[in-house]
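Enquirer: As input, take my_file_32.pdb (PDB, C-alpha atoms):
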ATOM      1  CA  MET A   1       3.938  15.635  25.259
ATOM      2  CA  THR A   2       2.663  15.998  28.813
ATOM      3  CA  GLU A   3      -0.931  15.693  27.652
ATOM      4  CA  ASN A   4      -0.303  12.098  26.620
ATOM      5  CA  ILE A   5       0.243  10.625  30.062
ATOM      6  CA  HIS A   6      -1.875   7.612  30.907
ATOM      7  CA  THR A   7      -2.265   6.119  34.348
ATOM      8  CA  LEU A   8      -2.699   2.615  35.730
ATOM      9  CA  ASP A   9      -3.372   1.668  39.324
ATOM     10  CA  THR A  10      -2.298  -1.850  40.289
ATOM     11  CA  ARG A  11      -2.207  -1.249  44.034
ATOM     12  CA  GLY A  12      -3.263  -4.305  46.016
ATOM     13  CA  LEU A  13      -2.550  -6.699  43.150
ATOM     14  CA  SER A  14       0.090  -9.413  43.230
ATOM     15  CA  CYS A  15       2.296 -11.033  40.598
ATOM     16  CA  PRO A  16       1.640 -11.426  37.716
ATOM     17  CA  LEU A  17      -1.306  -9.015  37.543
ATOM     18  CA  PRO A  18       0.685  -5.732  37.587
ATOM     19  CA  ILE A  19       2.692  -6.974  34.582
ATOM     20  CA  LEU A  20      -0.357  -8.240  32.706
ATOM     21  CA  LYS A  21      -2.266  -5.002  33.292
ATOM     22  CA  THR A  22       0.759  -2.965  32.261
ATOM     23  CA  LYS A  23       1.095  -4.950  29.068
ATOM     24  CA  LYS A  24      -2.570  -4.393  28.291
ATOM     25  CA  ALA A  25      -2.396  -0.672  29.012
ATOM     26  CA  ILE A  26       0.795  -0.240  26.974
ATOM     27  CA  SER A  27      -0.720  -2.011  23.978
ATOM     28  CA  ALA A  28      -3.381   0.674  23.776
ATOM     29  CA  LEU A  29      -0.798   3.480  23.606
ATOM     30  CA  ALA A  30       0.983   4.952  20.629
ATOM     31  CA  SER A  31       4.767   4.819  20.460
ATOM     32  CA  GLY A  32       6.318   7.563  22.598
ATOM     33  CA  GLU A  33       3.334   7.873  24.918
ATOM     34  CA  VAL A  34       3.892   7.496  28.645
ATOM     35  CA  LEU A  35       2.193   5.223  31.153
ATOM     36  CA  GLU A  36       2.330   5.965  34.866
ATOM     37  CA  ILE A  37       1.841   2.978  37.125
ATOM     38  CA  LYS A  38       1.139   2.722  40.830
ATOM     39  CA  ALA A  39       1.868  -0.594  42.533
ATOM     40  CA  THR A  40       2.220  -2.155  45.952
ATOM     41  CA  ASP A  41       3.744  -5.485  44.881
ATOM     42  CA  PRO A  42       7.467  -5.313  45.789
ATOM     43  CA  GLY A  43       8.196  -7.857  43.048
ATOM     44  CA  SER A  44       6.964  -5.397  40.436
ATOM     45  CA  VAL A  45      10.144  -3.301  40.746
ATOM     46  CA  LYS A  46      12.349  -5.927  39.125
ATOM     47  CA  ASP A  47       9.582  -7.513  37.085
ATOM     48  CA  LEU A  48       8.595  -4.286  35.347
ATOM     49  CA  ASP A  49      12.275  -3.611  34.610
ATOM     50  CA  SER A  50      12.543  -7.020  33.004
ATOM     51  CA  PHE A  51       9.263  -6.453  31.160
ATOM     52  CA  CYS A  52      10.602  -3.206  29.663
ATOM     53  CA  GLN A  53      13.866  -4.808  28.582
ATOM     54  CA  GLN A  54      12.105  -7.710  26.924
ATOM     55  CA  THR A  55       9.452  -5.679  25.182
ATOM     56  CA  GLY A  56      11.488  -2.702  24.004
ATOM     57  CA  ASN A  57       9.785  -0.138  26.199
ATOM     58  CA  GLU A  58      11.684   2.395  28.256
ATOM     59  CA  MET A  59      11.520   2.661  32.033
ATOM     60  CA  ILE A  60      11.954   6.354  32.682
ATOM     61  CA  ALA A  61      11.167   6.384  36.392
ATOM     62  CA  SER A  62      11.011   3.748  39.104
ATOM     63  CA  GLU A  63      10.553   5.074  42.606
ATOM     64  CA  SER A  64       9.542   4.037  46.080
ATOM     65  CA  VAL A  65       6.714   6.246  47.258
ATOM     66  CA  GLU A  66       4.713   6.520  50.440
ATOM     67  CA  ASP A  67       2.053   3.996  49.485
ATOM     68  CA  GLY A  68       4.198   1.637  47.420
ATOM     69  CA  PHE A  69       5.908   2.085  44.093
ATOM     70  CA  PHE A  70       5.633   4.435  41.176
ATOM     71  CA  PHE A  71       6.780   3.767  37.634
ATOM     72  CA  ARG A  72       6.812   5.708  34.421
ATOM     73  CA  ILE A  73       7.225   3.800  31.182
ATOM     74  CA  ARG A  74       7.559   5.223  27.689
ATOM     75  CA  LYS A  75       6.245   3.005  24.952
ATOM     76  CA  GLY A  76       8.954   2.024  22.474
TER      77      GLY A  76
ATOM     78  CA  MET B   1      40.173  -4.446   7.024
ATOM     79  CA  SER B   2      40.097  -3.574   3.335
ATOM     80  CA  SER B   3      36.949  -5.009   1.897
ATOM     81  CA  ALA B   4      37.945  -4.203  -1.687
ATOM     82  CA  ALA B   5      40.520  -6.995  -1.977
ATOM     83  CA  PRO B   6      39.272 -10.098  -3.833
ATOM     84  CA  VAL B   7      38.729 -13.133  -1.617
ATOM     85  CA  SER B   8      41.633 -15.008  -3.211
ATOM     86  CA  GLU B   9      44.075 -12.357  -2.037
ATOM     87  CA  LEU B  10      42.999 -12.433   1.602
ATOM     88  CA  SER B  11      45.317 -14.061   4.076
ATOM     89  CA  ASN B  12      44.010 -16.738   6.423
ATOM     90  CA  GLU B  13      44.121 -14.274   9.227
ATOM     91  CA  GLN B  14      42.080 -11.738   7.278
ATOM     92  CA  MET B  15      39.572 -14.407   6.323
ATOM     93  CA  ASN B  16      39.158 -15.410   9.948
ATOM     94  CA  GLN B  17      38.778 -11.835  11.018
ATOM     95  CA  TRP B  18      36.165 -11.221   8.357
ATOM     96  CA  PHE B  19      34.282 -14.376   9.294
ATOM     97  CA  ASP B  20      34.319 -13.625  13.037
ATOM     98  CA  GLN B  21      32.953 -10.156  12.439
ATOM     99  CA  ARG B  22      30.264 -11.329  10.043
ATOM    100  CA  PHE B  23      29.316 -14.206  12.322
ATOM    101  CA  ALA B  24      28.906 -11.875  15.308
ATOM    102  CA  GLU B  25      26.724  -9.564  13.199
ATOM    103  CA  LYS B  26      24.541 -12.403  11.975
ATOM    104  CA  MET B  27      24.141 -13.853  15.455
ATOM    105  CA  ALA B  28      23.137 -10.467  16.874
ATOM    106  CA  GLU B  29      20.651 -10.011  14.041
ATOM    107  CA  ARG B  30      19.199 -13.445  14.696
ATOM    108  CA  GLN B  31      18.909 -12.806  18.394
ATOM    109  CA  ALA B  32      17.200  -9.468  17.804
ATOM    110  CA  ASN B  33      14.584 -11.104  15.574
ATOM    111  CA  HIS B  34      14.096 -14.140  17.746
ATOM    112  CA  VAL B  35      10.713 -14.500  19.439
ATOM    113  CA  PRO B  36      11.202 -16.650  22.536
ATOM    114  CA  SER B  37       8.796 -19.523  22.942
ATOM    115  CA  MET B  38       7.702 -21.720  25.797
ATOM    116  CA  THR B  39       5.802 -24.961  26.084
ATOM    117  CA  ILE B  40       4.316 -26.149  29.350
ATOM    118  CA  ILE B  41       2.913 -29.556  30.206
ATOM    119  CA  ALA B  42       0.272 -29.155  32.925
ATOM    120  CA  THR B  43      -0.481 -32.434  34.672
ATOM    121  CA  LYS B  44      -2.038 -31.426  37.996
ATOM    122  CA  GLY B  45      -5.609 -30.419  38.707
ATOM    123  CA  THR B  46      -5.440 -28.923  42.195
ATOM    124  CA  LEU B  47      -5.835 -25.248  43.013
ATOM    125  CA  ASP B  48      -2.213 -24.808  44.105
ATOM    126  CA  MET B  49      -0.869 -26.529  40.995
ATOM    127  CA  ALA B  50      -3.135 -24.541  38.681
ATOM    128  CA  TYR B  51      -1.225 -21.338  39.405
ATOM    129  CA  PRO B  52       2.266 -22.053  38.018
ATOM    130  CA  PRO B  53       1.207 -22.866  34.431
ATOM    131  CA  PHE B  54      -1.243 -19.968  34.123
ATOM    132  CA  ILE B  55       1.044 -17.415  35.826
ATOM    133  CA  LEU B  56       4.063 -18.377  33.737
ATOM    134  CA  ALA B  57       2.064 -18.567  30.525
ATOM    135  CA  SER B  58       0.299 -15.225  30.939
ATOM    136  CA  THR B  59       3.506 -13.474  31.978
ATOM    137  CA  ALA B  60       5.493 -14.943  29.094
ATOM    138  CA  ALA B  61       2.759 -13.857  26.703
ATOM    139  CA  ALA B  62       2.956 -10.340  28.172
ATOM    140  CA  LEU B  63       6.680 -10.371  27.406
ATOM    141  CA  GLY B  64       5.834 -11.159  23.811
ATOM    142  CA  TRP B  65       6.673 -14.874  23.909
ATOM    143  CA  GLU B  66       4.801 -17.567  22.049
ATOM    144  CA  VAL B  67       3.304 -19.948  24.580
ATOM    145  CA  SER B  68       1.520 -23.291  24.418
ATOM    146  CA  ILE B  69       0.220 -25.347  27.303
ATOM    147  CA  PHE B  70      -0.489 -29.042  26.887
ATOM    148  CA  PHE B  71      -3.030 -30.175  29.479
ATOM    149  CA  THR B  72      -2.904 -33.847  30.282
ATOM    150  CA  PHE B  73      -4.263 -36.159  32.972
ATOM    151  CA  TYR B  74      -5.550 -34.152  35.933
ATOM    152  CA  GLY B  75      -4.269 -30.996  34.308
ATOM    153  CA  LEU B  76      -7.267 -31.211  32.014
ATOM    154  CA  ASN B  77      -9.412 -30.096  34.968
ATOM    155  CA  LEU B  78      -7.901 -26.642  34.498
ATOM    156  CA  LEU B  79      -9.775 -26.318  31.203
ATOM    157  CA  LYS B  80     -13.229 -27.209  32.526
ATOM    158  CA  GLN B  81     -16.032 -24.674  32.093
ATOM    159  CA  ASN B  82     -16.780 -24.929  35.788
ATOM    160  CA  LEU B  83     -13.560 -24.679  37.714
ATOM    161  CA  ASP B  84     -13.971 -26.333  41.074
ATOM    162  CA  LEU B  85     -10.347 -26.677  42.072
ATOM    163  CA  LYS B  86      -9.349 -27.753  45.546
ATOM    164  CA  VAL B  87      -6.105 -27.660  47.397
ATOM    165  CA  SER B  88      -5.184 -30.911  49.065
ATOM    166  CA  PRO B  89      -3.098 -30.579  52.197
ATOM    167  CA  LEU B  90      -3.048 -34.385  52.376
ATOM    168  CA  GLY B  91       0.325 -35.754  51.389
ATOM    169  CA  ASN B  92       1.576 -32.201  51.127
ATOM    170  CA  PRO B  93       3.492 -31.837  54.391
ATOM    171  CA  ALA B  94       5.341 -28.727  53.258
ATOM    172  CA  MET B  95       2.117 -26.788  52.969
ATOM    173  CA  PRO B  96       1.854 -24.220  55.721
ATOM    174  CA  MET B  97      -1.588 -23.666  57.149
ATOM    175  CA  LYS B  98      -2.193 -20.149  58.308
ATOM    176  CA  LEU B  99      -5.520 -18.780  59.393
ATOM    177  CA  PRO B 100      -6.692 -15.963  57.110
ATOM    178  CA  GLU B 101      -8.622 -14.402  59.969
ATOM    179  CA  GLY B 102      -8.291 -13.809  63.686
ATOM    180  CA  PRO B 103      -5.939 -11.921  65.943
ATOM    181  CA  THR B 104      -2.478 -11.172  64.558
ATOM    182  CA  TRP B 105      -0.656 -13.582  66.862
ATOM    183  CA  ILE B 106      -2.629 -16.518  65.514
ATOM    184  CA  LYS B 107      -2.736 -15.371  61.869
ATOM    185  CA  GLY B 108       1.047 -15.463  61.589
ATOM    186  CA  LYS B 109       1.396 -18.932  63.075
ATOM    187  CA  GLU B 110       1.912 -21.963  60.920
ATOM    188  CA  ILE B 111      -0.316 -24.754  62.098
ATOM    189  CA  PRO B 112       1.270 -28.178  61.720
ATOM    190  CA  MET B 113      -1.364 -30.712  60.770
ATOM    191  CA  PRO B 114      -0.555 -34.436  60.779
ATOM    192  CA  ASN B 115      -1.872 -36.378  57.798
ATOM    193  CA  SER B 116      -3.749 -38.719  60.129
ATOM    194  CA  ILE B 117      -5.872 -35.824  61.366
ATOM    195  CA  MET B 118      -6.525 -34.524  57.848
ATOM    196  CA  THR B 119      -7.931 -37.854  56.756
ATOM    197  CA  LEU B 120     -10.139 -38.159  59.832
ATOM    198  CA  VAL B 121     -11.678 -34.710  59.832
ATOM    199  CA  PRO B 122     -14.612 -34.610  57.406
ATOM    200  CA  GLY B 123     -14.523 -31.668  55.040
ATOM    201  CA  PHE B 124     -10.892 -30.920  55.800
ATOM    202  CA  GLU B 125     -10.055 -30.399  52.154
ATOM    203  CA  ASN B 126     -12.905 -27.926  51.699
ATOM    204  CA  MET B 127     -11.785 -26.059  54.772
ATOM    205  CA  ALA B 128      -8.178 -25.879  53.571
ATOM    206  CA  THR B 129      -9.378 -24.759  50.130
ATOM    207  CA  GLY B 130     -11.549 -22.065  51.681
ATOM    208  CA  MET B 131      -8.656 -20.821  53.797
ATOM    209  CA  MET B 132      -6.331 -20.754  50.814
ATOM    210  CA  LYS B 133      -8.829 -18.876  48.617
ATOM    211  CA  LYS B 134      -9.493 -16.337  51.332
ATOM    212  CA  THR B 135      -5.782 -15.730  51.902
ATOM    213  CA  MET B 136      -5.190 -15.344  48.157
ATOM    214  CA  ASP B 137      -8.048 -12.902  47.859
ATOM    215  CA  GLN B 138      -6.674 -10.785  50.696
ATOM    216  CA  LYS B 139      -3.244 -10.707  49.069
ATOM    217  CA  GLY B 140      -4.618  -9.564  45.710
ATOM    218  CA  ILE B 141      -3.753 -12.796  43.910
ATOM    219  CA  ALA B 142      -5.733 -13.393  40.733
ATOM    220  CA  ARG B 143      -8.309 -16.161  40.625
ATOM    221  CA  ILE B 144      -7.550 -19.065  38.307
ATOM    222  CA  ASP B 145     -10.453 -18.262  35.993
ATOM    223  CA  GLN B 146      -9.115 -14.693  35.644
ATOM    224  CA  LEU B 147      -5.611 -15.886  34.834
ATOM    225  CA  ARG B 148      -6.978 -18.390  32.363
ATOM    226  CA  GLU B 149      -8.975 -15.689  30.648
ATOM    227  CA  LEU B 150      -5.891 -13.471  30.464
ATOM    228  CA  CYS B 151      -4.020 -16.367  28.843
ATOM    229  CA  VAL B 152      -6.781 -16.753  26.267
ATOM    230  CA  GLU B 153      -6.738 -13.006  25.561
ATOM    231  CA  ALA B 154      -2.972 -13.092  25.136
ATOM    232  CA  GLU B 155      -3.313 -15.914  22.614
ATOM    233  CA  VAL B 156      -1.665 -18.592  24.696
ATOM    234  CA  LYS B 157      -2.399 -21.830  22.869
ATOM    235  CA  LEU B 158      -4.396 -24.202  25.049
ATOM    236  CA  ILE B 159      -3.966 -27.781  23.919
ATOM    237  CA  ALA B 160      -5.908 -30.676  25.413
ATOM    238  CA  CYS B 161      -4.710 -34.263  25.555
ATOM    239  CA  GLN B 162      -7.146 -36.385  23.567
ATOM    240  CA  MET B 163      -6.113 -39.581  25.334
ATOM    241  CA  THR B 164      -7.065 -38.189  28.746
ATOM    242  CA  VAL B 165     -10.492 -37.212  27.465
ATOM    243  CA  ASP B 166     -11.061 -40.773  26.292
ATOM    244  CA  LEU B 167      -9.557 -42.241  29.451
ATOM    245  CA  PHE B 168     -11.813 -40.370  31.844
ATOM    246  CA  ASP B 169     -14.833 -40.356  29.504
ATOM    247  CA  TYR B 170     -15.012 -36.591  29.500
ATOM    248  CA  GLY B 171     -17.356 -34.842  27.119
ATOM    249  CA  LYS B 172     -15.911 -31.987  25.106
ATOM    250  CA  GLU B 173     -18.864 -29.834  26.128
ATOM    251  CA  ASP B 174     -17.471 -29.807  29.702
ATOM    252  CA  PHE B 175     -14.532 -27.716  28.523
ATOM    253  CA  ILE B 176     -14.042 -24.120  27.502
ATOM    254  CA  PRO B 177     -14.432 -23.514  23.773
ATOM    255  CA  GLU B 178     -11.091 -21.695  23.524
ATOM    256  CA  ILE B 179      -9.182 -24.982  23.416
ATOM    257  CA  GLU B 180      -7.199 -24.832  20.231
ATOM    258  CA  GLU B 181      -6.508 -28.497  19.607
ATOM    259  CA  TRP B 182      -7.331 -31.951  20.932
ATOM    260  CA  VAL B 183      -4.226 -33.942  20.186
ATOM    261  CA  GLY B 184      -1.740 -36.483  21.454
ATOM    262  CA  ALA B 185       1.913 -36.467  22.424
ATOM    263  CA  ALA B 186       3.099 -36.849  18.846
ATOM    264  CA  SER B 187       1.494 -33.540  17.909
ATOM    265  CA  PHE B 188       2.778 -31.690  20.924
ATOM    266  CA  LEU B 189       6.404 -32.827  20.940
ATOM    267  CA  PRO B 190       7.482 -31.184  17.654
ATOM    268  CA  ARG B 191       6.337 -27.860  19.094
ATOM    269  CA  ALA B 192       8.269 -28.541  22.297
ATOM    270  CA  ALA B 193      11.372 -29.448  20.306
ATOM    271  CA  THR B 194      11.721 -25.937  18.936
ATOM    272  CA  ALA B 195      10.750 -24.058  22.105
ATOM    273  CA  ASP B 196      13.306 -22.201  24.199
ATOM    274  CA  VAL B 197      11.704 -23.184  27.477
ATOM    275  CA  ASN B 198       9.959 -26.463  28.279
ATOM    276  CA  LEU B 199       8.298 -26.965  31.624
ATOM    277  CA  PHE B 200       6.629 -29.976  33.149
ATOM    278  CA  ILE B 201       4.276 -28.968  35.926
TER     279      ILE B 201
END
Starting from the file, lay out its structure as structure tokens.

Expert:
Amino acid sequence: MTENIHTLDTRGLSCPLPILKTKKAISALASGEVLEIKATDPGSVKDLDSFCQQTGNEMIASESVEDGFFFRIRKG
Amino acid sequence: MSSAAPVSELSNEQMNQWFDQRFAEKMAERQANHVPSMTIIATKGTLDMAYPPFILASTAAALGWEVSIFFTFYGLNLLKQNLDLKVSPLGNPAMPMKLPEGPTWIKGKEIPMPNSIMTLVPGFENMATGMMKKTMDQKGIARIDQLRELCVEAEVKLIACQMTVDLFDYGKEDFIPEIEEWVGAASFLPRAATADVNLFI
């Protein structure tokens, strides 16, 4: 299913925009599809975790990278 | 536990065990189907106080919650077509003033500003508002009109206090058309009574 990876760049944005943009991007996906997110907001690490728990999506990767943070979420 | 035995033959202990198990199942089922809800009362019309209701509402909506905001008194300014919100440093001694521009040593400094000076300097409020907006822009913070639009998109219910409109002689045409209802406290409170989270801002 590697062809179904979608990307979202929230670098430079602060709370709550990374969450709101993620929610919007996820809504457009089909169940099982993956969204890759780039962020610079340090709050997004815990907030996106909480978002996934509350909305039934799966956080499959959450990493610190050179220019911020990288997340991979599978739509539930 | 043997479920085949008729109820009359169950001991008290078995009955309790059965009930506890069933109760736990039902509660879990209820929790799984529960959509959290939040009601917010927004009473302030300054730029700094516009953020909490719109940030919390849009985020809660993104989490799948049902959200309503009741705008009353100065909070009604947050629903105007033309948002011209200011931040007032006057009477707000905790507010740090930092310059958005300039050399690093001065940018990081908090500038204490006595109230007496703020009242004397003409245009101080506009200056403080400009500084705040610039800082927010640099930090990638959403503008209020953007957050409000995101709330509307996420179907946050925007409710306006009818009494305030009458009190300040506002015309309804001054406000955004997305306002869902123009009502009073008696219409808002029943909604608040069943919400999981109630905030007064």

Enquirer: Which residues, named as in the file, does the ChimeraX specification (/B :<9) & /A pick out? Answer as a ChimeraX atom specification.

Expert: /A:11-17,19-20,22-24,50-52,54-55

Enquirer: Output C-alpha atoms for every residue in the selection just made, as a CSV table (one decimal), in the coordinates of the input.

Expert:
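Final output, saved to part20.csv:
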chain,number,residue,atom,x,y,z
A,11,ARG,CA,-2.2,-1.2,44.0
A,12,GLY,CA,-3.3,-4.3,46.0
A,13,LEU,CA,-2.6,-6.7,43.2
A,14,SER,CA,0.1,-9.4,43.2
A,15,CYS,CA,2.3,-11.0,40.6
A,16,PRO,CA,1.6,-11.4,37.7
A,17,LEU,CA,-1.3,-9.0,37.5
A,19,ILE,CA,2.7,-7.0,34.6
A,20,LEU,CA,-0.4,-8.2,32.7
A,22,THR,CA,0.8,-3.0,32.3
A,23,LYS,CA,1.1,-5.0,29.1
A,24,LYS,CA,-2.6,-4.4,28.3
A,50,SER,CA,12.5,-7.0,33.0
A,51,PHE,CA,9.3,-6.5,31.2
A,52,CYS,CA,10.6,-3.2,29.7
A,54,GLN,CA,12.1,-7.7,26.9
A,55,THR,CA,9.5,-5.7,25.2

Enquirer: Please identify all polymer residues within 10 Å of B:Met38, counting only C-alpha atoms, omitting same-chain residues fewer than 4 positions from it, and present them as a VMD selection string.

Expert: chain B and resid 56 to 57 60 to 61 65 to 69 156 191 to 192 194 to 199

Enquirer: For the file shown, what are the residues hit by the PyMOL selection byres ((chain A and resi 73-75) around 8), laid out as a list in words?

Expert: Ile26, Leu29, Ala30, Ser31, Gly32, Glu33, Val34, Leu35, Glu36, Cys52, Gly56, Asn57, Glu58, Met59, Ile60, Ala61, Phe71, Arg72 and Gly76 of chain A

Enquirer: So what do you get for atom CA of B:Ala24 versus atom CA of B:Thr39, distance-wise?

Expert: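 One can read the atom CA of B:Ala24 to atom CA of B:Thr39 distance as 28.7 Å.
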
Enquirer: So that I can check the surroundings of A:Ala39, please list as an NGL selection string every protein, DNA and RNA residue that reaches within 6 Å of it, counting only C-alpha atoms and ignoring chain neighbours fewer than 3 positions away.

Expert: :A and (10-11 or 68-69)
